[in-house]
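Asks: coords28.cif is reproduced in full below (mmCIF, C-alpha atoms and all ligand atoms).
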```cif
data_query
#
loop_
_atom_site.label_atom_id
_atom_site.label_comp_id
_atom_site.auth_asym_id
_atom_site.auth_seq_id
_atom_site.Cartn_x
_atom_site.Cartn_y
_atom_site.Cartn_z
CA MET A 1 41.99 41.78 56.72
CA VAL A 2 40.38 38.50 55.69
CA ASP A 3 38.45 38.37 52.45
CA ILE A 4 34.86 37.43 53.34
CA LYS A 5 32.57 37.30 50.33
CA GLN A 6 28.78 37.27 50.09
CA ASN A 7 26.45 35.06 48.03
CA VAL A 8 29.02 32.50 46.95
CA SER A 9 28.05 29.31 45.12
CA LEU A 10 28.87 26.14 47.05
CA GLN A 11 28.21 23.87 44.08
CA PRO A 12 31.94 23.38 43.32
CA PHE A 13 32.59 22.64 47.00
CA ASN A 14 30.17 19.76 47.63
CA SER A 15 30.65 16.34 46.06
CA LEU A 16 26.90 15.86 45.48
CA ALA A 17 27.14 19.04 43.31
CA ILE A 18 23.96 20.43 44.86
CA PRO A 19 23.33 24.03 43.75
CA SER A 20 23.60 26.02 46.96
CA VAL A 21 24.59 29.57 47.91
CA ALA A 22 26.43 30.63 51.07
CA ALA A 23 25.26 33.97 52.43
CA HIS A 24 28.87 34.60 53.60
CA PHE A 25 31.98 32.68 52.58
CA VAL A 26 35.65 32.74 53.47
CA GLU A 27 38.67 30.52 52.89
CA LEU A 28 40.73 29.95 56.02
CA ALA A 29 44.36 29.62 54.94
CA GLN A 30 46.05 30.81 58.18
CA GLU A 31 44.95 30.09 61.74
CA GLN A 32 45.69 33.74 62.62
CA GLU A 33 42.71 34.77 60.46
CA LEU A 34 40.26 33.05 62.79
CA PRO A 35 39.67 35.95 65.23
CA ASP A 36 38.66 38.27 62.37
CA ILE A 37 36.27 35.68 60.95
CA ILE A 38 34.69 35.13 64.37
CA ALA A 39 34.36 38.89 64.96
CA TYR A 40 32.70 39.30 61.53
CA SER A 41 30.19 36.55 62.28
CA ARG A 42 29.43 37.80 65.81
CA ALA A 43 28.80 41.33 64.56
CA ARG A 44 26.20 39.97 62.12
CA GLN A 45 24.85 37.24 64.43
CA LEU A 46 25.82 34.57 61.93
CA GLY A 47 26.50 30.95 62.71
CA LEU A 48 29.82 29.52 61.48
CA ARG A 49 29.82 26.40 59.31
CA VAL A 50 33.08 24.67 58.50
CA LEU A 51 33.50 23.13 55.07
CA GLY A 52 36.19 20.55 54.36
CA GLY A 53 36.06 18.56 51.12
CA GLY A 54 32.24 18.76 51.14
CA SER A 55 32.02 15.04 50.48
CA ASN A 56 29.63 14.15 53.28
CA LEU A 57 27.12 16.99 53.05
CA VAL A 58 23.62 17.64 51.76
CA LEU A 59 23.29 21.41 51.31
CA ALA A 60 20.11 23.50 51.35
CA ASP A 61 19.50 25.91 48.43
CA ARG A 62 20.82 28.72 50.60
CA VAL A 63 23.00 28.51 53.69
CA GLU A 64 22.34 31.53 55.95
CA ALA A 65 25.67 31.40 57.76
CA CYS A 66 29.32 32.27 57.41
CA VAL A 67 30.78 29.25 55.64
CA VAL A 68 34.48 28.77 56.39
CA ARG A 69 36.27 26.62 53.85
CA ASN A 70 39.21 25.07 55.65
CA VAL A 71 42.28 25.24 53.40
CA LEU A 72 44.94 25.06 56.15
CA LEU A 73 47.94 23.19 54.73
CA GLY A 74 51.03 21.43 56.11
CA ARG A 75 52.31 18.04 57.17
CA ALA A 76 55.28 17.36 59.43
CA LEU A 77 57.01 14.54 61.22
CA VAL A 78 56.89 15.61 64.87
CA ASP A 79 58.17 12.53 66.69
CA GLU A 80 59.50 9.05 66.02
CA ASP A 81 60.94 5.99 67.69
CA LEU A 82 62.20 2.65 66.37
CA ASP A 83 58.75 1.43 65.26
CA THR A 84 56.50 4.43 64.84
CA VAL A 85 56.22 8.00 63.58
CA ILE A 86 53.90 10.76 64.73
CA LEU A 87 52.74 13.11 61.99
CA GLU A 88 51.02 16.44 62.43
CA VAL A 89 48.77 17.20 59.47
CA ALA A 90 46.74 20.35 58.81
CA ALA A 91 43.00 19.99 58.30
CA GLY A 92 42.82 21.34 54.75
CA GLU A 93 45.17 18.71 53.31
CA ASN A 94 43.61 16.19 50.92
CA TRP A 95 43.05 12.85 52.66
CA HIS A 96 44.01 10.55 49.78
CA GLU A 97 47.17 12.53 49.02
CA LEU A 98 48.19 12.15 52.68
CA VAL A 99 47.64 8.38 52.50
CA ALA A 100 49.66 8.06 49.27
CA TRP A 101 52.47 10.27 50.63
CA SER A 102 52.71 8.43 53.97
CA ILE A 103 53.05 5.08 52.20
CA ALA A 104 55.71 6.46 49.86
CA GLN A 105 57.67 7.49 52.99
CA GLY A 106 57.55 3.87 54.22
CA TRP A 107 54.94 4.47 56.94
CA SER A 108 51.92 2.17 57.07
CA GLY A 109 48.57 2.29 58.83
CA LEU A 110 46.42 4.28 56.42
CA GLU A 111 46.60 2.00 53.34
CA ASN A 112 43.08 0.56 53.86
CA LEU A 113 41.74 4.13 53.85
CA ALA A 114 43.00 4.97 50.35
CA LEU A 115 40.83 6.96 47.94
CA ILE A 116 38.33 8.20 50.53
CA PRO A 117 37.26 11.62 49.27
CA GLY A 118 37.54 14.73 51.42
CA THR A 119 40.01 16.53 53.63
CA VAL A 120 42.07 15.48 56.63
CA GLY A 121 39.97 17.73 58.89
CA ALA A 122 36.74 16.04 57.84
CA ALA A 123 38.11 12.55 58.48
CA PRO A 124 37.57 12.43 62.28
CA VAL A 125 34.14 14.10 62.07
CA GLN A 126 32.47 10.95 60.77
CA ASN A 127 35.35 8.67 61.81
CA ILE A 128 36.01 7.59 58.21
CA GLY A 129 36.43 3.88 57.83
CA ALA A 130 36.85 1.24 55.17
CA TYR A 131 38.04 -2.36 54.82
CA GLY A 132 38.30 -3.00 58.56
CA VAL A 133 40.18 0.20 59.55
CA GLU A 134 38.94 3.54 60.93
CA ILE A 135 40.84 6.79 61.38
CA ALA A 136 40.26 6.31 65.14
CA ASP A 137 42.81 3.44 64.95
CA ALA A 138 45.64 5.83 63.95
CA LEU A 139 44.58 9.11 65.51
CA VAL A 140 46.49 10.42 68.54
CA SER A 141 44.86 13.82 69.02
CA VAL A 142 43.00 16.65 67.32
CA ARG A 143 43.78 20.36 67.63
CA ALA A 144 40.56 22.27 67.23
CA PHE A 145 39.32 25.77 67.89
CA ASP A 146 36.39 25.62 70.29
CA LEU A 147 33.95 28.19 68.92
CA GLN A 148 31.93 28.15 72.14
CA ARG A 149 34.81 28.77 74.54
CA GLU A 150 36.80 30.65 71.91
CA ASP A 151 40.07 28.91 72.56
CA MET A 152 42.29 26.31 70.93
CA ARG A 153 42.00 22.83 72.43
CA THR A 154 43.84 19.57 72.01
CA LEU A 155 41.49 16.60 72.27
CA SER A 156 42.93 13.15 72.87
CA ASN A 157 41.64 10.15 70.92
CA GLY A 158 39.42 9.20 73.90
CA GLN A 159 37.96 12.70 74.13
CA CYS A 160 36.89 12.55 70.48
CA LEU A 161 34.24 9.89 71.43
CA PHE A 162 34.71 7.88 68.25
CA GLU A 163 32.05 5.37 67.22
CA TYR A 164 31.04 3.82 63.90
CA ARG A 165 30.71 6.87 61.57
CA ASN A 166 30.34 9.16 64.55
CA SER A 167 32.38 11.39 66.89
CA LEU A 168 32.15 14.35 69.23
CA PHE A 169 32.63 16.61 66.19
CA LYS A 170 29.52 15.22 64.50
CA SER A 171 27.32 15.29 67.60
CA ALA A 172 28.46 18.72 68.91
CA GLU A 173 27.81 20.15 65.45
CA ASN A 174 29.45 23.49 64.60
CA ARG A 175 31.26 23.74 67.92
CA TYR A 176 34.77 22.77 66.83
CA LEU A 177 36.84 24.00 63.93
CA ILE A 178 39.45 21.32 63.40
CA CYS A 179 42.86 22.82 62.58
CA SER A 180 45.19 19.82 62.60
CA MET A 181 45.65 16.35 63.97
CA ARG A 182 48.35 13.93 64.99
CA LEU A 183 48.48 10.45 63.53
CA LYS A 184 50.60 7.52 64.62
CA LEU A 185 51.92 5.37 61.75
CA HIS A 186 54.19 2.33 61.65
CA LYS A 187 57.60 1.67 60.19
CA THR A 188 56.98 -2.08 60.14
CA PHE A 189 53.98 -3.19 58.11
CA SER A 190 51.33 -5.35 59.80
CA PRO A 191 48.51 -5.77 57.29
CA MET A 192 44.82 -5.66 58.15
CA LEU A 193 43.28 -8.06 55.62
CA ASP A 194 40.15 -9.42 57.34
CA TYR A 195 37.71 -7.70 55.02
CA GLY A 196 36.50 -10.17 52.34
CA PRO A 197 37.94 -8.70 49.14
CA LEU A 198 41.36 -8.15 50.76
CA GLN A 199 41.73 -11.72 52.06
CA ALA A 200 43.26 -12.89 48.78
CA LEU A 201 46.35 -10.81 49.65
CA LYS A 202 47.01 -12.96 52.74
CA SER A 203 48.90 -15.54 50.70
CA LYS A 204 51.11 -13.00 48.92
CA ILE A 205 54.77 -13.35 49.89
CA GLY A 206 56.57 -10.10 50.69
CA LEU A 207 53.32 -8.14 50.90
CA ARG A 208 53.90 -4.39 51.18
CA ALA A 209 51.59 -1.55 52.27
CA GLU A 210 51.66 -0.37 48.63
CA ASP A 211 50.04 -3.65 47.54
CA VAL A 212 47.14 -3.17 49.97
CA PHE A 213 46.86 0.47 48.91
CA ASP A 214 46.69 -0.55 45.21
CA GLN A 215 44.09 -3.23 45.92
CA VAL A 216 41.88 -0.85 47.92
CA VAL A 217 42.13 1.72 45.13
CA ALA A 218 41.13 -0.94 42.57
CA ILE A 219 38.14 -2.14 44.64
CA ARG A 220 36.90 1.39 45.26
CA GLN A 221 37.30 2.39 41.62
CA ALA A 222 35.25 -0.62 40.53
CA LYS A 223 32.40 -0.09 43.01
CA LEU A 224 32.24 3.57 43.91
CA PRO A 225 31.62 6.39 41.44
CA ASP A 226 34.24 9.15 41.15
CA PRO A 227 32.44 12.24 42.51
CA LYS A 228 34.12 14.42 39.85
CA ARG A 229 32.29 12.46 37.16
CA ILE A 230 29.13 11.31 38.94
CA PRO A 231 28.31 13.51 41.94
CA ASN A 232 27.79 11.49 45.15
CA ALA A 233 28.57 11.50 48.88
CA GLY A 234 29.80 7.91 49.31
CA SER A 235 27.59 5.65 51.40
CA PHE A 236 24.38 7.57 51.97
CA PHE A 237 23.08 5.40 54.82
CA LYS A 238 24.74 3.70 57.77
CA ASN A 239 24.73 -0.05 58.00
CA PRO A 240 22.04 -0.72 60.65
CA VAL A 241 22.92 -2.72 63.76
CA VAL A 242 20.08 -4.92 65.04
CA THR A 243 19.44 -7.25 67.98
CA GLY A 244 19.57 -11.04 67.76
CA ALA A 245 15.76 -11.26 67.75
CA VAL A 246 15.38 -8.87 64.81
CA PHE A 247 18.23 -10.58 62.97
CA GLN A 248 16.64 -14.02 63.36
CA ARG A 249 13.27 -12.79 62.13
CA LEU A 250 14.91 -11.27 59.04
CA GLN A 251 17.16 -14.24 58.34
CA ARG A 252 14.17 -16.60 58.37
CA GLN A 253 12.46 -14.40 55.80
CA PHE A 254 15.62 -13.62 53.78
CA PRO A 255 18.11 -16.51 54.07
CA ASP A 256 20.69 -14.66 51.94
CA LEU A 257 20.73 -11.61 54.26
CA VAL A 258 24.28 -10.11 54.41
CA PHE A 259 25.48 -9.44 57.98
CA PHE A 260 28.52 -9.10 60.25
CA VAL A 261 28.53 -9.92 63.97
CA VAL A 262 29.42 -6.84 66.07
CA GLY A 263 29.55 -7.40 69.84
CA SER A 264 26.16 -8.73 70.83
CA GLY A 265 24.41 -7.34 67.73
CA TYR A 266 24.35 -7.85 63.98
CA LYS A 267 25.39 -5.25 61.44
CA LEU A 268 23.37 -5.57 58.24
CA ALA A 269 24.62 -4.42 54.82
CA ALA A 270 22.39 -1.46 53.96
CA GLY A 271 23.52 -1.73 50.31
CA TRP A 272 22.17 -5.28 50.21
CA LEU A 273 18.84 -4.22 51.78
CA ILE A 274 18.40 -1.43 49.22
CA ASP A 275 19.40 -3.77 46.41
CA LYS A 276 16.89 -6.37 47.64
CA ALA A 277 14.23 -3.63 47.65
CA ASP A 278 14.93 -3.33 43.88
CA LEU A 279 16.26 0.21 44.06
CA ARG A 280 19.77 -0.40 42.69
CA GLY A 281 20.08 1.46 39.38
CA GLN A 282 16.70 3.13 39.95
CA PHE A 283 16.18 6.90 39.73
CA GLY A 284 13.59 9.49 40.79
CA ALA A 285 12.93 13.22 40.34
CA GLY A 286 15.94 15.24 39.15
CA GLY A 287 17.70 12.03 38.09
CA VAL A 288 18.71 11.24 41.69
CA GLY A 289 19.05 7.52 42.34
CA CYS A 290 21.00 4.53 43.62
CA TYR A 291 24.28 3.73 41.84
CA SER A 292 24.12 0.61 39.69
CA GLU A 293 27.33 -0.94 41.12
CA GLN A 294 26.65 -0.16 44.81
CA ALA A 295 23.09 0.63 45.89
CA LEU A 296 24.21 2.36 49.10
CA VAL A 297 25.66 5.25 47.08
CA LEU A 298 23.08 7.86 46.16
CA ILE A 299 24.12 9.64 42.95
CA ASN A 300 23.12 13.04 41.60
CA PRO A 301 24.23 12.96 37.94
CA GLU A 302 22.07 15.91 36.88
CA ARG A 303 23.22 18.10 39.79
CA ALA A 304 19.69 18.40 41.15
CA SER A 305 18.71 20.34 44.26
CA SER A 306 18.67 19.08 47.83
CA SER A 307 14.87 18.61 47.69
CA ASP A 308 15.30 15.96 44.97
CA VAL A 309 18.11 14.33 46.95
CA ILE A 310 15.99 14.29 50.10
CA ALA A 311 12.92 12.98 48.21
CA TRP A 312 14.94 10.02 46.90
CA SER A 313 16.50 9.38 50.31
CA ASP A 314 12.97 9.35 51.85
CA ARG A 315 11.83 6.91 49.19
CA VAL A 316 14.71 4.53 49.93
CA GLN A 317 13.99 4.73 53.68
CA GLN A 318 10.28 4.02 53.10
CA ARG A 319 10.92 1.00 50.88
CA VAL A 320 13.41 -0.51 53.31
CA GLU A 321 11.02 0.12 56.20
CA GLN A 322 8.14 -1.53 54.31
CA LEU A 323 10.11 -4.58 53.26
CA PHE A 324 12.29 -5.21 56.33
CA GLY A 325 10.75 -3.11 59.12
CA LEU A 326 14.10 -1.29 59.52
CA ALA A 327 14.80 2.44 59.77
CA LEU A 328 17.90 3.42 57.77
CA GLU A 329 19.91 6.28 59.22
CA VAL A 330 21.35 8.87 56.84
CA GLU A 331 25.18 9.16 56.97
CA PRO A 332 25.94 12.63 55.50
CA ARG A 333 25.10 15.77 57.41
CA PHE A 334 22.36 18.15 56.32
CA TRP A 335 23.01 21.89 56.22
CA THR A 336 19.73 23.75 56.28
N1 LIG B 401 25.76 -5.34 48.54
C1 LIG B 401 24.78 -5.78 47.68
N2 LIG B 401 24.25 -4.87 46.81
C2 LIG B 401 24.66 -3.59 46.74
C3 LIG B 401 25.65 -3.14 47.63
C4 LIG B 401 26.20 -4.03 48.52
O1 LIG B 401 24.37 -6.93 47.71
O2 LIG B 401 24.12 -2.84 45.92
C5 LIG B 401 26.37 -6.29 49.47
C6 LIG B 401 27.81 -6.60 49.03
O3 LIG B 401 27.85 -7.65 48.12
C7 LIG B 401 28.47 -6.96 50.34
C8 LIG B 401 27.74 -6.11 51.36
O4 LIG B 401 26.51 -5.70 50.76
O5 LIG B 401 28.25 -8.32 50.64
C9 LIG B 401 28.54 -4.91 51.84
O6 LIG B 401 28.89 -4.08 50.73
P1 LIG B 401 30.34 -3.38 50.64
O7 LIG B 401 31.38 -4.39 50.89
O8 LIG B 401 30.39 -2.63 49.36
O9 LIG B 401 30.40 -2.40 51.87
P2 LIG B 401 29.28 -1.47 52.53
O10 LIG B 401 28.87 -2.08 53.83
O11 LIG B 401 28.21 -1.17 51.56
C10 LIG B 401 30.94 -0.04 53.96
C11 LIG B 401 31.15 1.42 54.23
C12 LIG B 401 31.95 2.05 53.07
C13 LIG B 401 33.29 1.34 52.99
C14 LIG B 401 33.03 -0.16 52.74
C15 LIG B 401 34.28 -0.97 52.78
C16 LIG B 401 29.29 2.21 55.56
C17 LIG B 401 28.00 2.93 55.58
N3 LIG B 401 29.87 2.09 54.36
O12 LIG B 401 30.13 -0.14 52.80
O13 LIG B 401 32.18 3.41 53.40
O14 LIG B 401 34.08 1.87 51.95
O15 LIG B 401 32.17 -0.70 53.79
O16 LIG B 401 34.74 -1.08 54.08
O17 LIG B 401 29.77 1.76 56.59
C18 LIG B 401 31.36 5.64 53.15
O18 LIG B 401 31.17 5.64 54.35
O19 LIG B 401 31.12 6.63 52.42
C19 LIG B 401 31.84 4.41 52.50
C20 LIG B 401 31.96 4.28 51.18
#
```
Let's see the structure in the file written out as structure tokens.
Ligand code: EPU
Replies:
Amino acid sequence: MVDIKQNVSLQPFNSLAIPSVAAHFVELAQEQELPDIIAYSRARQLGLRVLGGGSNLVLADRVEACVVRNVLLGRALVDEDLDTVILEVAAGENWHELVAWSIAQGWSGLENLALIPGTVGAAPVQNIGAYGVEIADALVSVRAFDLQREDMRTLSNGQCLFEYRNSLFKSAENRYLICSMRLKLHKTFSPMLDYGPLQALKSKIGLRAEDVFDQVVAIRQAKLPDPKRIPNAGSFFKNPVVTGAVFQRLQRQFPDLVFFVVGSGYKLAAGWLIDKADLRGQFGAGGVGCYSEQALVLINPERASSSDVIAWSDRVQQRVEQLFGLALEVEPRFWT
């Protein structure tokens, strides 16, 4: 029988360290335990909420649901040819450890995604991305339990509907419990160095995936706070994409506006907008504020409640709206 507990603190399981209590809580270590967990929840008319590394969540004081912490482990080489390998990795594995391990095996493709907090299973939910690479670039398929149809499904990359920080798993919230995924990695290294701070590596002779990995780790350590020391959920807002007309209006007013061309639109650096609104290194109720080295990261050093986190997030959105006429969209998910 699975061990389902009641009134369990989720504070150790969310990187913003928000004090929160799960009405029901279970750790899923074996897929075979799923039917019992579902039966338990159905009998009590509870919703199921799946928790990975908890690094992209804003939790309410109390979560009236059965929270399933995914701790499924395992990684295996399932196929290979001359140039590529296919790995199958369980959802509860730590993302950064997977990246480090794959590079040590001589397989590249994930080096730009080093040091992203969270689990493997959480990675496709928001289509994690950094330094010009997204998990969608390496992902072959996802094996997930469909809680609506109550069966295991394999979704191809196309079926996952990946977009910038979005996927089927984020939009069809609480429908899929991701168990494992397949990733395609490369035996021959072809670096992805377009992102500004990585361009310096272009001239390095004999560049290896390890070098890119080390550089990404160094950049992230300098700019992003370690959630174990300063609780945070990474970028708190998405970078907004605007039309040419809006972009031109803003650029006339702010000639130093930071942007990237994406298709027919312009992606603006939300961190720059927040910084320009003078909120970098500023704090509100409960000590919640914008990190001094990267304004896009909302930090919660005093482990305040979700209401303080939300109040600061609202304040940032209001200031950016007032100054630029832009609505910032929150990146983490809210559990109410
Ligand atoms: N900037 C400022 N002030 C700030 C912050 C940023 O002027 O306080 C400027 C920077 O100088 C730079 C630009 O804004 O010119 C962009 O900043 P950065 O390179 O740090 O990247 P970002 O757009 O803020 C995005 C992702 C990160 C990812 C990095 C690197 C989003 C929402 N965020 O951040 O992802 O690591 O690019 O690729 O897309 C995450 O999602 O949790 C995350 C950390």
Asks: For Lys238 in chain A, please output as number ranges by chain all residues within 7 Å (counting only C-alpha atoms; exclusion window: fewer than 5 positions along the same chain).
Replies: A: 270, 328-331
Asks: What separation in Å, quoted to one decimal, exists between CA of Gly265 in chain A and CA of Ser156 in chain A?
Replies: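 Interatomic distance, CA of Gly265 in chain A to CA of Ser156 in chain A: 28.1 Å.
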Asks: With only C-alpha atoms as the counted atoms, please give the residues lying no more than 8 Å from Ile86 in chain A, apart from itself and same-chain residues fewer than 3 positions off, as a list of chain:residue names.
Replies: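 What passes the distance filter is A:Leu77, A:Val78, A:Asp79, A:Glu80, A:Arg182, A:Leu183, A:Lys184, A:Leu185.
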Asks: Go ahead and dump the residues you just picked, C-alpha atoms, as a PDB file, in the frame of the given file.
Replies:
```
ATOM      1  CA  LEU A  77      57.010  14.540  61.220  1.00  0.00           C
ATOM      2  CA  VAL A  78      56.890  15.610  64.870  1.00  0.00           C
ATOM      3  CA  ASP A  79      58.170  12.530  66.690  1.00  0.00           C
ATOM      4  CA  GLU A  80      59.500   9.050  66.020  1.00  0.00           C
ATOM      5  CA  ARG A 182      48.350  13.930  64.990  1.00  0.00           C
ATOM      6  CA  LEU A 183      48.480  10.450  63.530  1.00  0.00           C
ATOM      7  CA  LYS A 184      50.600   7.520  64.620  1.00  0.00           C
ATOM      8  CA  LEU A 185      51.920   5.370  61.750  1.00  0.00           C
TER       9      LEU A 185
END
```
Asks: Around ligand LIG 401 (chain B), out to 8 Å and counting only C-alpha atoms and all ligand atoms, which residues are there? I want them as a PDB file with C-alpha atoms, in the coordinates of the input.
Replies:
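Wrote it out as part_32.pdb, contents follow:
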```
ATOM      1  CA  ASN A  56      29.630  14.150  53.280  1.00  0.00           C
ATOM      2  CA  ILE A 116      38.330   8.200  50.530  1.00  0.00           C
ATOM      3  CA  ILE A 128      36.010   7.590  58.210  1.00  0.00           C
ATOM      4  CA  GLY A 129      36.430   3.880  57.830  1.00  0.00           C
ATOM      5  CA  ALA A 130      36.850   1.240  55.170  1.00  0.00           C
ATOM      6  CA  TYR A 131      38.040  -2.360  54.820  1.00  0.00           C
ATOM      7  CA  GLY A 132      38.300  -3.000  58.560  1.00  0.00           C
ATOM      8  CA  VAL A 133      40.180   0.200  59.550  1.00  0.00           C
ATOM      9  CA  TYR A 164      31.040   3.820  63.900  1.00  0.00           C
ATOM     10  CA  ARG A 165      30.710   6.870  61.570  1.00  0.00           C
ATOM     11  CA  TYR A 195      37.710  -7.700  55.020  1.00  0.00           C
ATOM     12  CA  GLY A 196      36.500 -10.170  52.340  1.00  0.00           C
ATOM     13  CA  ARG A 220      36.900   1.390  45.260  1.00  0.00           C
ATOM     14  CA  LYS A 223      32.400  -0.090  43.010  1.00  0.00           C
ATOM     15  CA  LEU A 224      32.240   3.570  43.910  1.00  0.00           C
ATOM     16  CA  ALA A 233      28.570  11.500  48.880  1.00  0.00           C
ATOM     17  CA  GLY A 234      29.800   7.910  49.310  1.00  0.00           C
ATOM     18  CA  SER A 235      27.590   5.650  51.400  1.00  0.00           C
ATOM     19  CA  PHE A 236      24.380   7.570  51.970  1.00  0.00           C
ATOM     20  CA  PHE A 237      23.080   5.400  54.820  1.00  0.00           C
ATOM     21  CA  LYS A 238      24.740   3.700  57.770  1.00  0.00           C
ATOM     22  CA  ASN A 239      24.730  -0.050  58.000  1.00  0.00           C
ATOM     23  CA  VAL A 258      24.280 -10.110  54.410  1.00  0.00           C
ATOM     24  CA  PHE A 259      25.480  -9.440  57.980  1.00  0.00           C
ATOM     25  CA  LEU A 268      23.370  -5.570  58.240  1.00  0.00           C
ATOM     26  CA  ALA A 269      24.620  -4.420  54.820  1.00  0.00           C
ATOM     27  CA  ALA A 270      22.390  -1.460  53.960  1.00  0.00           C
ATOM     28  CA  GLY A 271      23.520  -1.730  50.310  1.00  0.00           C
ATOM     29  CA  TRP A 272      22.170  -5.280  50.210  1.00  0.00           C
ATOM     30  CA  LEU A 273      18.840  -4.220  51.780  1.00  0.00           C
ATOM     31  CA  ILE A 274      18.400  -1.430  49.220  1.00  0.00           C
ATOM     32  CA  ASP A 275      19.400  -3.770  46.410  1.00  0.00           C
ATOM     33  CA  LYS A 276      16.890  -6.370  47.640  1.00  0.00           C
ATOM     34  CA  ARG A 280      19.770  -0.400  42.690  1.00  0.00           C
ATOM     35  CA  TYR A 291      24.280   3.730  41.840  1.00  0.00           C
ATOM     36  CA  SER A 292      24.120   0.610  39.690  1.00  0.00           C
ATOM     37  CA  GLU A 293      27.330  -0.940  41.120  1.00  0.00           C
ATOM     38  CA  GLN A 294      26.650  -0.160  44.810  1.00  0.00           C
ATOM     39  CA  ALA A 295      23.090   0.630  45.890  1.00  0.00           C
ATOM     40  CA  LEU A 296      24.210   2.360  49.100  1.00  0.00           C
ATOM     41  CA  VAL A 297      25.660   5.250  47.080  1.00  0.00           C
ATOM     42  CA  GLU A 331      25.180   9.160  56.970  1.00  0.00           C
TER      43      GLU A 331
END
```
Asks: A:Leu51, A:Leu98, A:Ala245, A:Ala90: which is nearest Pro12 in chain A, counting all atoms listed in the file?
Replies: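 The answer is A:Leu51, which sits nearest to Pro12 in chain A.
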Asks: Measure the distance from CA of Gly281 in chain A to CA of Asp61 in chain A in Å and round it to one decimal.
Replies: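 Going from CA of Gly281 in chain A over to CA of Asp61 in chain A, I get 26.1 Å.
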Asks: Pick out the closest residue to Asp226 in chain A from this set: A:Gly109, A:Gly263, A:Gly54, A:Pro117. Count only C-alpha atoms.
Replies: A:Pro117
Asks: For the point (32.7, 18.5, 65.5) in file coordinates, what residues are within 10 Å, counting only C-alpha atoms? Give the answer as an MDAnalysis selection string?
Replies: chainID A and resid 50 121:122 124:126 144 146 160 166:178
Asks: With distances taken over all atoms listed in the file, which of A:Glu88, A:Glu163, A:Asp256, A:Glu93 is nearest to Val142 in chain A?
Replies: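 Checking each of A:Glu88, A:Glu163, A:Asp256, A:Glu93 against Val142 in chain A, counting all atoms listed in the file, the winner is A:Glu88.
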Asks: When distances are computed from all atoms listed in the file, which of A:Ser9, A:Ser313, A:Ser180, A:Thr243 shows the smallest separation from His24 in chain A?
Replies: A:Ser9
Asks: Go through A:Asn232, A:Gln221, A:Gln159, A:Asn7 one by one, measure the shortest atom-to-atom distance of each to Leu115 in chain A using all atoms listed in the file, and give the residue with the smallest value.
Replies: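 The closest residue to Leu115 in chain A is A:Gln221.
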Asks: Do a neighbour search on Leu57 in chain A at 8 Å with all atoms listed in the file, toss out local chain neighbours closer than 5 positions, and write the hits as a list in words.
Replies: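 Everything that qualifies: Asn14, Ser15, Leu16, Ala233, Pro332, Arg333, Phe334 and Trp335 of chain A.
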Asks: Within 12 Å of Phe324 in chain A, counting only C-alpha atoms, which residues qualify if same-chain residues fewer than 5 places away don't, as a short mmCIF file (atom, residue, chain, number, x, y, z; two decimals) with C-alpha atoms, in the frame of the given file?
Replies:
```cif
data_model
loop_
_atom_site.label_atom_id
_atom_site.label_comp_id
_atom_site.auth_asym_id
_atom_site.auth_seq_id
_atom_site.Cartn_x
_atom_site.Cartn_y
_atom_site.Cartn_z
CA PRO A 240 22.04 -0.72 60.65
CA VAL A 242 20.08 -4.92 65.04
CA VAL A 246 15.38 -8.87 64.81
CA PHE A 247 18.23 -10.58 62.97
CA ARG A 249 13.27 -12.79 62.13
CA LEU A 250 14.91 -11.27 59.04
CA GLN A 251 17.16 -14.24 58.34
CA ARG A 252 14.17 -16.60 58.37
CA GLN A 253 12.46 -14.40 55.80
CA PHE A 254 15.62 -13.62 53.78
CA LEU A 257 20.73 -11.61 54.26
CA LEU A 268 23.37 -5.57 58.24
CA ALA A 270 22.39 -1.46 53.96
CA TRP A 272 22.17 -5.28 50.21
CA LEU A 273 18.84 -4.22 51.78
CA ILE A 274 18.40 -1.43 49.22
CA LYS A 276 16.89 -6.37 47.64
CA ALA A 277 14.23 -3.63 47.65
CA VAL A 316 14.71 4.53 49.93
CA GLN A 317 13.99 4.73 53.68
CA GLN A 318 10.28 4.02 53.10
CA ARG A 319 10.92 1.00 50.88
#
```
Asks: For Val67 in chain A, find every residue with an atom within 9 Å (counting only C-alpha atoms), except residues of its own chain fewer than 3 positions away, and show them as a ChimeraX atom specification.
Replies: /A:22-27,47-51,63-64
Asks: Could you check the closest approach to Ser41 in chain A for each of A:Ile103, A:Val71, A:Ala65, A:Lys5 and tell me which residue wins, using all atoms listed in the file?
Replies: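 Comparing A:Ile103, A:Val71, A:Ala65, A:Lys5 against Ser41 in chain A, the winner is A:Ala65.
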Asks: Specify the axis-aligned box that encloses all atoms of range 206-217 of chain A listed in the file after padding of 3 Å on each side, stating its centre and edge lengths in Å to one decimal as JSON.
Replies:
```
{"center_x": 49.2, "center_y": -4.2, "center_z": 48.7, "size_x": 20.7, "size_y": 17.8, "size_z": 13.1}
```
